[in-house]
Amino acid sequence: MAIERTFSILKPDATRRNLTGAINAKFEAAGLRIVAQRRIHMTRAQAEKFYEVHAARPFYGELVEFMTSAPVVVQVLEGENAVAKNREVMGATNPENAAPGTIRKEFAVNMGENSVHGSDSLENAAIEIAQFFKPEEIVG
Ligand code: ATP
Ligand code: MG
C-alpha cells in the first residue's frame, strides 16, 4: 500500500442540506486527510469538462445542470490507498445498492443526487486534482 491523493467533490445536494461536516467526518474517520478544500460554484464549462467522459450518456445534461445548481466543495484527500478507500467510504453510485454506513447509503437522495464524487483511478485523480488545484494549494 502507498500514500495516495484522490479528488473529491461534495455535490450540491450535500451543500444544500448542510452535510459537508458530516461527510468530512466520515472521510477523516476512515483515515483520509483533507489536504486541500475550496467551496466553489461550478461554471457550466467546468462541469462539462469534468464529466466529459459521460458526454454521450443520456443523463449528461441533467448531471451538468445538477452540478451547477448550487455550490460544491472540491477537495484533495490523502491517505493509504486513498483512491480505493474513498470509493469504499462513498458507497455504490446508486444509494439503493450502497453498503450500510457508507456516505451514499446515509445521505444520497438518488442516483443523480448522490452527495459525493471520488476519482475512480490514480491516473484520473491526478487529472481531476489538476483541474481544480494548483500544487501550492495542497498542504499535506
Ligand atoms: P462519480 O463519478 O460522481 O464519483 P461514480 O463514479 O460512482 O460517481 P459514474 O458512473 O462515474 O459514477 O457517474 C457519474 C455521476 O453521474 C454519478 O455519480 C451520478 O451523479 C450520475 N449518474 C450516473 N449514472 C446515472 C443515471 N443512470 N442517472 C442519473 N445520473 C447518473
Ligand atoms: Mg465516476
# chains A, B, ... in the order shown; residues from 1 in each chain; ligands from 1
>>> residues_around(residues="Lys49 (chain A)", least_positions_apart="6", cutoff="12 Å", atoms="only C-alpha atoms", output="ChimeraX atom specification")
/A:42-43,55,60,63-64,67,127-128,131-132
>>> residues_near_ligand(ligand="ligand 2", cutoff="9 Å", atoms="only C-alpha atoms and all ligand atoms", output="list in words")
Tyr51, Val53, His54, Thr93, His117, Gly118, Ser119 and Asp120 of chain A
>>> write_last_selection(atoms="N, CA and C atoms", output="PDB file, in the first residue's frame")
ATOM      1  N   TYR A  51     -17.042  16.214 -16.466  1.00  0.00           N
ATOM      2  CA  TYR A  51     -17.800  14.985 -16.759  1.00  0.00           C
ATOM      3  C   TYR A  51     -17.813  14.663 -18.257  1.00  0.00           C
ATOM      4  N   VAL A  53     -16.273  12.619 -20.006  1.00  0.00           N
ATOM      5  CA  VAL A  53     -16.263  11.178 -20.261  1.00  0.00           C
ATOM      6  C   VAL A  53     -17.696  10.639 -20.390  1.00  0.00           C
ATOM      7  N   HIS A  54     -18.664  11.332 -19.784  1.00  0.00           N
ATOM      8  CA  HIS A  54     -20.063  10.896 -19.837  1.00  0.00           C
ATOM      9  C   HIS A  54     -20.886  11.679 -20.878  1.00  0.00           C
ATOM     10  N   THR A  93     -22.725   3.945  -6.631  1.00  0.00           N
ATOM     11  CA  THR A  93     -23.302   5.119  -7.302  1.00  0.00           C
ATOM     12  C   THR A  93     -24.784   5.263  -6.973  1.00  0.00           C
ATOM     13  N   HIS A 117     -18.519  12.882  -5.167  1.00  0.00           N
ATOM     14  CA  HIS A 117     -17.740  12.310  -6.278  1.00  0.00           C
ATOM     15  C   HIS A 117     -16.395  11.876  -5.724  1.00  0.00           C
ATOM     16  N   GLY A 118     -15.861  10.793  -6.241  1.00  0.00           N
ATOM     17  CA  GLY A 118     -14.488  10.400  -5.929  1.00  0.00           C
ATOM     18  C   GLY A 118     -13.826   9.830  -7.165  1.00  0.00           C
ATOM     19  N   SER A 119     -12.556  10.171  -7.378  1.00  0.00           N
ATOM     20  CA  SER A 119     -11.830   9.675  -8.559  1.00  0.00           C
ATOM     21  C   SER A 119     -11.864   8.154  -8.600  1.00  0.00           C
ATOM     22  N   ASP A 120     -11.910   7.596  -9.827  1.00  0.00           N
ATOM     23  CA  ASP A 120     -12.007   6.137  -9.965  1.00  0.00           C
ATOM     24  C   ASP A 120     -10.663   5.470 -10.255  1.00  0.00           C
TER      25      ASP A 120
END
>>> select_by_dssp(residues="region 53-107 of chain A", states="alpha helix (DSSP H)", output="PDB file with C-alpha atoms, in the first residue's frame")
ATOM      1  CA  TYR A  60     -25.179  14.099 -19.122  1.00  0.00           C
ATOM      2  CA  GLY A  61     -27.349  17.224 -19.474  1.00  0.00           C
ATOM      3  CA  GLU A  62     -29.089  16.561 -16.183  1.00  0.00           C
ATOM      4  CA  LEU A  63     -25.734  15.882 -14.486  1.00  0.00           C
ATOM      5  CA  VAL A  64     -24.248  19.191 -15.665  1.00  0.00           C
ATOM      6  CA  GLU A  65     -27.420  21.055 -14.578  1.00  0.00           C
ATOM      7  CA  PHE A  66     -27.229  19.440 -11.154  1.00  0.00           C
ATOM      8  CA  MET A  67     -23.517  20.097 -10.608  1.00  0.00           C
ATOM      9  CA  ALA A  82      -6.765   6.825  -0.873  1.00  0.00           C
ATOM     10  CA  VAL A  83      -8.446   6.203  -4.249  1.00  0.00           C
ATOM     11  CA  ALA A  84      -9.954   2.829  -3.299  1.00  0.00           C
ATOM     12  CA  LYS A  85     -10.511   3.829   0.341  1.00  0.00           C
ATOM     13  CA  ASN A  86     -12.533   6.875  -0.711  1.00  0.00           C
ATOM     14  CA  ARG A  87     -14.655   4.813  -3.154  1.00  0.00           C
ATOM     15  CA  GLU A  88     -15.316   2.358  -0.331  1.00  0.00           C
ATOM     16  CA  VAL A  89     -16.424   5.097   2.089  1.00  0.00           C
ATOM     17  CA  MET A  90     -18.611   6.694  -0.639  1.00  0.00           C
ATOM     18  CA  ILE A 103     -21.887   8.152   2.658  1.00  0.00           C
ATOM     19  CA  ARG A 104     -24.261   7.440  -0.210  1.00  0.00           C
ATOM     20  CA  LYS A 105     -26.324   4.988   1.840  1.00  0.00           C
ATOM     21  CA  GLU A 106     -26.734   7.516   4.635  1.00  0.00           C
ATOM     22  CA  PHE A 107     -27.012  10.765   2.700  1.00  0.00           C
TER      23      PHE A 107
END
>>> closest_residue(among="A:Ala70, A:Ala22, A:Ile138, A:Leu10", to="ligand 1", atoms="only C-alpha atoms and all ligand atoms")
A:Leu10
>>> atom_distance(atom1="CA of Ala126 (chain A)", atom2="atom 6 (O, counted along the ligand's line) of ligand 1")
15.4 Å
>>> closest_residue(among="A:Gly21, A:Ser8, A:Thr68, A:Gln75", to="Ala47 (chain A)", atoms="only C-alpha atoms")
A:Thr68
>>> closest_residue(among="A:Val74, A:Ile40, A:Ala98, A:Val35", to="Asn110 (chain A)", atoms="only C-alpha atoms")
A:Ala98
>>> atom_distance(atom1="CA of Asn94 (chain A)", atom2="CA of Ala108 (chain A)")
8.4 Å
>>> atom_distance(atom1="CA of Ser115 (chain A)", atom2="CA of Lys11 (chain A)")
4.9 Å
>>> closest_residue(among="A:Phe59, A:Ser121, A:Leu32, A:Glu137", to="ligand 1", atoms="only C-alpha atoms and all ligand atoms")
A:Phe59
>>> closest_residue(among="A:Gly140, A:Val116, A:Glu123, A:Phe27", to="ligand 1", atoms="only C-alpha atoms and all ligand atoms")
A:Val116
>>> select_by_dssp(residues="region 57-133 of chain A", states="strand (DSSP E or B)", output="JSON, numbers by chain")
{"A": [72, 73, 74, 75, 76, 77, 78, 79, 80, 116, 117, 118]}
>>> decode(residues="region 94-110 of chain A", atoms="all heavy atoms", output="short mmCIF file (atom, residue, chain, number, x, y, z; two decimals), in the first residue's frame")
data_model
loop_
_atom_site.label_atom_id
_atom_site.label_comp_id
_atom_site.auth_asym_id
_atom_site.auth_seq_id
_atom_site.Cartn_x
_atom_site.Cartn_y
_atom_site.Cartn_z
N ASN A 94 -25.51 4.15 -7.05
CA ASN A 94 -26.93 4.15 -6.71
C ASN A 94 -27.08 3.86 -5.22
O ASN A 94 -26.71 2.78 -4.77
CB ASN A 94 -27.65 3.07 -7.53
CG ASN A 94 -29.16 3.09 -7.29
OD1 ASN A 94 -29.64 3.67 -6.32
ND2 ASN A 94 -29.89 2.47 -8.20
N PRO A 95 -27.61 4.83 -4.45
CA PRO A 95 -27.66 4.63 -2.98
C PRO A 95 -28.43 3.39 -2.57
O PRO A 95 -28.17 2.83 -1.50
CB PRO A 95 -28.34 5.91 -2.48
CG PRO A 95 -28.92 6.58 -3.67
CD PRO A 95 -28.14 6.13 -4.86
N GLU A 96 -29.34 2.93 -3.42
CA GLU A 96 -30.09 1.70 -3.09
C GLU A 96 -29.16 0.49 -3.01
O GLU A 96 -29.46 -0.49 -2.33
CB GLU A 96 -31.18 1.43 -4.13
CG GLU A 96 -32.35 2.39 -3.99
CD GLU A 96 -33.42 2.15 -5.05
OE1 GLU A 96 -33.45 1.05 -5.64
OE2 GLU A 96 -34.20 3.08 -5.28
N ASN A 97 -28.04 0.57 -3.75
CA ASN A 97 -27.08 -0.55 -3.74
C ASN A 97 -25.89 -0.30 -2.81
O ASN A 97 -24.98 -1.12 -2.74
CB ASN A 97 -26.54 -0.78 -5.16
CG ASN A 97 -27.64 -1.06 -6.15
OD1 ASN A 97 -28.65 -1.65 -5.78
ND2 ASN A 97 -27.47 -0.63 -7.39
N ALA A 98 -25.88 0.84 -2.14
CA ALA A 98 -24.73 1.20 -1.31
C ALA A 98 -24.76 0.43 0.01
O ALA A 98 -25.82 0.19 0.59
CB ALA A 98 -24.72 2.70 -1.06
N ALA A 99 -23.58 0.06 0.49
CA ALA A 99 -23.46 -0.72 1.73
C ALA A 99 -23.82 0.15 2.95
O ALA A 99 -23.62 1.37 2.91
CB ALA A 99 -22.04 -1.24 1.87
N PRO A 100 -24.33 -0.48 4.00
CA PRO A 100 -24.65 0.26 5.23
C PRO A 100 -23.43 1.02 5.76
O PRO A 100 -22.31 0.51 5.68
CB PRO A 100 -25.05 -0.84 6.22
CG PRO A 100 -25.45 -2.00 5.38
CD PRO A 100 -24.64 -1.91 4.12
N GLY A 101 -23.67 2.23 6.25
CA GLY A 101 -22.58 3.02 6.82
C GLY A 101 -21.85 3.89 5.82
O GLY A 101 -21.08 4.77 6.20
N THR A 102 -22.07 3.65 4.51
CA THR A 102 -21.38 4.47 3.51
C THR A 102 -22.09 5.83 3.38
O THR A 102 -23.25 6.00 3.79
CB THR A 102 -21.37 3.79 2.13
OG1 THR A 102 -22.72 3.57 1.70
CG2 THR A 102 -20.64 2.44 2.18
N ILE A 103 -21.35 6.79 2.82
CA ILE A 103 -21.89 8.15 2.66
C ILE A 103 -23.15 8.14 1.80
O ILE A 103 -24.17 8.76 2.15
CB ILE A 103 -20.81 9.06 2.02
CG1 ILE A 103 -19.66 9.28 3.01
CG2 ILE A 103 -21.41 10.40 1.58
CD1 ILE A 103 -18.41 9.89 2.40
N ARG A 104 -23.10 7.42 0.68
CA ARG A 104 -24.26 7.44 -0.21
C ARG A 104 -25.46 6.72 0.41
O ARG A 104 -26.60 7.14 0.21
CB ARG A 104 -23.89 6.87 -1.58
CG ARG A 104 -23.09 7.89 -2.41
CD ARG A 104 -22.44 7.27 -3.61
NE ARG A 104 -21.95 8.27 -4.57
CZ ARG A 104 -21.15 7.97 -5.58
NH1 ARG A 104 -20.74 6.73 -5.77
NH2 ARG A 104 -20.76 8.91 -6.41
N LYS A 105 -25.21 5.66 1.17
CA LYS A 105 -26.32 4.99 1.84
C LYS A 105 -26.99 5.93 2.84
O LYS A 105 -28.21 6.01 2.91
CB LYS A 105 -25.81 3.73 2.57
CG LYS A 105 -26.91 2.91 3.20
CD LYS A 105 -27.80 2.33 2.12
CE LYS A 105 -28.82 1.37 2.66
NZ LYS A 105 -29.52 0.71 1.53
N GLU A 106 -26.17 6.66 3.58
CA GLU A 106 -26.73 7.52 4.63
C GLU A 106 -27.30 8.83 4.12
O GLU A 106 -28.27 9.34 4.67
CB GLU A 106 -25.67 7.80 5.71
CG GLU A 106 -25.36 6.57 6.53
CD GLU A 106 -24.59 6.86 7.81
OE1 GLU A 106 -24.47 8.03 8.22
OE2 GLU A 106 -24.10 5.88 8.39
N PHE A 107 -26.67 9.39 3.06
CA PHE A 107 -27.01 10.76 2.70
C PHE A 107 -27.56 10.97 1.29
O PHE A 107 -28.22 12.00 1.05
CB PHE A 107 -25.77 11.67 2.87
CG PHE A 107 -25.21 11.67 4.26
CD1 PHE A 107 -23.89 11.33 4.49
CD2 PHE A 107 -25.99 12.03 5.35
CE1 PHE A 107 -23.34 11.33 5.77
CE2 PHE A 107 -25.47 12.04 6.63
CZ PHE A 107 -24.14 11.69 6.85
N ALA A 108 -27.29 10.08 0.34
CA ALA A 108 -27.68 10.37 -1.05
C ALA A 108 -29.20 10.41 -1.20
O ALA A 108 -29.93 9.69 -0.52
CB ALA A 108 -27.09 9.32 -1.99
N VAL A 109 -29.65 11.27 -2.12
CA VAL A 109 -31.08 11.41 -2.41
C VAL A 109 -31.50 10.35 -3.42
O VAL A 109 -32.52 9.68 -3.26
CB VAL A 109 -31.38 12.82 -2.97
CG1 VAL A 109 -32.85 12.98 -3.31
CG2 VAL A 109 -30.93 13.90 -1.98
N ASN A 110 -30.72 10.20 -4.47
CA ASN A 110 -30.98 9.21 -5.53
C ASN A 110 -29.70 9.05 -6.35
O ASN A 110 -28.66 9.60 -6.00
CB ASN A 110 -32.18 9.63 -6.39
CG ASN A 110 -32.01 11.02 -6.98
OD1 ASN A 110 -30.94 11.38 -7.44
ND2 ASN A 110 -33.08 11.81 -6.95
#
